[in-house]
There are 2 protein chains.
Amino acid sequence: MTGHWPKVRPGSAEDPVRCAVLISGSGSGMVALVKHQQHDPNCGHATVVVISNRPDAAGLRKAEDMGVATQCLDHRDHAGPSARAMHEAAVVEALVHHRVELVVLSGYMRLLSPTFLETWGGPVVNIHPSLLPAFPGAHAHRDVLAAGVSVTGCTVHVVDEGMDTGHILDQVPVPVFPDDDETSLSDRVKVEEHRLYPAVIDRLVADR
Amino acid sequence: MTGHWPKVRPGSAEDPVRCAVLISGSGSGMVALVKHQQHDPNCGHATVVVISNRPDAAGLRKAEDMGVATQCLDHRDHAGPSARAMHEAAVVEALVHHRVELVVLSGYMRLLSPTFLETWGGPVVNIHPSLLPAFPGAHAHRDVLAAGVSVTGCTVHVVDEGMDTGHILDQVPVPVFPDDDETSLSDRVKVEEHRLYPAVIDRLVADR
């Protein structure tokens, strides 16, 4: 299991690994992670900034309410052929400014370019609401229901240049019920997402 | 759940739905199914014949030991361009002879042609050792281990012309451990296969 795990230094409560959580929406996963970090006195990681690419992301307010710094870096502030590069440069600048050591994508709806990953150079993890490699992409629950499977789940993985293709760190299965719609299924999977993501990050910063 | 379920008449202990189990090897799934049928006094299905396409399939002897009729229909008995058709015609003849109502594939390593499915005309189900649509094909466990997933499972599905593509009837997840090899993973999945398949067939013959 160690070979493919991203390089993260061991963290401790006194010297936690500094995380940035990138969101685009409600930030429910971010809230679960920050609560875990704030409530476990031995937690070896801490969220030092929440970054949203959308100014209307409800998660920004929730982060502030929990005492976490926030930054809105609207990708629509940039235009033209280098819009993506300029937006990503602003994200890297924020990561450096906050001395971030681990980037945690949590409902962040933008694909990060190879240039970003190379420029930033540090570890990036993501959570996806399916049992990858099954059902990648932005509409996992819809695709799961269309396929008629009776088991889905969630996956924490390392982020590479692909869409939901990086090395899998851990997964949890979740049943699909015959009367499920996207909302009921998403709600059930989120319960497991909110447990799995903090647990995997705990392991990432554990002294191995 | 009813729309895509294959049409099988309700079965009872007095008048069980007549199953043929098709195997190619050890027949461990067939043994689990027959034991379930013989030990549950209310079981609404019974195996009336076990058919193997290989004379050396160990499952043939096990079926005989449990008092079930067996038939070996070696696909290598036929040659030339119509070899598949001739072999499948022999299988259909055996199904008709035994008045079979449900075909249960259990480690049967041959793809059934559209002609077979049309000629036979009755329901065919299969069990596959992965969470379909992930990891179809003959080397599911190997592919699962290569992909680095931490959850796999098994799937019972209706058989259509594709390879492991028919409508999913039920699935069960099984964890993958970091030190798994194909044997240890296969053993763990088989435990669930041997529970799932009889349970799904119970539901198929239940009066809905």
# chains A, B, ... in the order shown; residues from 1 in each chain; ligands from 1
$ residues_around --residues "stretch 63-69 of chain A" --least-positions-apart "2" --cutoff "7 Å" --atoms "only C-alpha atoms" --output "ChimeraX atom specification"
/A:48-50,59-61,71
$ write_last_selection --atoms "C-alpha atoms" --output "mmCIF file, in the first residue's frame"
data_model
loop_
_atom_site.group_PDB
_atom_site.id
_atom_site.type_symbol
_atom_site.label_atom_id
_atom_site.label_comp_id
_atom_site.auth_asym_id
_atom_site.auth_seq_id
_atom_site.Cartn_x
_atom_site.Cartn_y
_atom_site.Cartn_z
ATOM 1 C CA VAL A 48 -5.650 26.224 6.954
ATOM 2 C CA VAL A 49 -7.707 27.535 4.032
ATOM 3 C CA VAL A 50 -10.861 26.675 2.107
ATOM 4 C CA GLY A 59 -19.322 26.123 1.954
ATOM 5 C CA LEU A 60 -17.412 29.427 2.201
ATOM 6 C CA ARG A 61 -19.738 30.728 4.895
ATOM 7 C CA GLN A 71 -10.529 32.465 -0.301
#
$ closest_atom_pairs --of "stretch 106-186 of chain A" --to "stretch 27-40 of chain A" --cutoff "12 Å" --atoms "only C-alpha atoms" --output "JSON lines"
{"residue": "A:Ser106", "atom": "CA", "partner": "A:Gly29", "partner_atom": "CA", "distance": 6.0}
{"residue": "A:Gly107", "atom": "CA", "partner": "A:Gly27", "partner_atom": "CA", "distance": 7.1}
{"residue": "A:Tyr108", "atom": "CA", "partner": "A:Gly27", "partner_atom": "CA", "distance": 9.1}
{"residue": "A:Met109", "atom": "CA", "partner": "A:Gly27", "partner_atom": "CA", "distance": 11.7}
{"residue": "A:Asn126", "atom": "CA", "partner": "A:Gly29", "partner_atom": "CA", "distance": 10.9}
{"residue": "A:Ile127", "atom": "CA", "partner": "A:Gly29", "partner_atom": "CA", "distance": 9.2}
{"residue": "A:His128", "atom": "CA", "partner": "A:Gly29", "partner_atom": "CA", "distance": 11.1}
{"residue": "A:Pro129", "atom": "CA", "partner": "A:Gly29", "partner_atom": "CA", "distance": 11.4}
{"residue": "A:Ser186", "atom": "CA", "partner": "A:Ser28", "partner_atom": "CA", "distance": 11.9}
$ interface_residues --of "chain A" --to "chain B" --cutoff "8 Å" --atoms "only C-alpha atoms" --output "count of residues only"
17
$ residues_around --residues "stretch 10-24 of chain B" --least-positions-apart "2" --cutoff "7 Å" --atoms "only C-alpha atoms" --output "ChimeraX atom specification"
/B:8,27,30,41-54,57,100-109,205-207
$ atom_distance --atom1 "atom CA of B:Glu88" --atom2 "atom CA of B:Phe116"
6.1 Å
$ select_by_dssp --residues "chain B" --states "helix (DSSP H, G or I)" --output "ChimeraX atom specification"
/B:28-39,58-65,75-77,83-97,114-120,140-147,182-204
$ residues_around --residues "B:Val125" --least-positions-apart "2" --cutoff "6 Å" --atoms "only C-alpha atoms" --output "PDB file with C-alpha atoms, in the first residue's frame"
ATOM      1  CA  VAL B 104     -28.196 -21.378 -14.203  1.00  0.00           C
ATOM      2  CA  HIS B 157     -27.345 -11.075 -13.868  1.00  0.00           C
ATOM      3  CA  VAL B 158     -29.585 -12.101 -16.711  1.00  0.00           C
ATOM      4  CA  VAL B 159     -27.631 -13.506 -19.642  1.00  0.00           C
TER       5      VAL B 159
END
$ select_by_dssp --residues "stretch 24-167 of chain A" --states "strand (DSSP E)" --output "ChimeraX atom specification"
/A:45-52,70-72,102-105,124-128,151-158
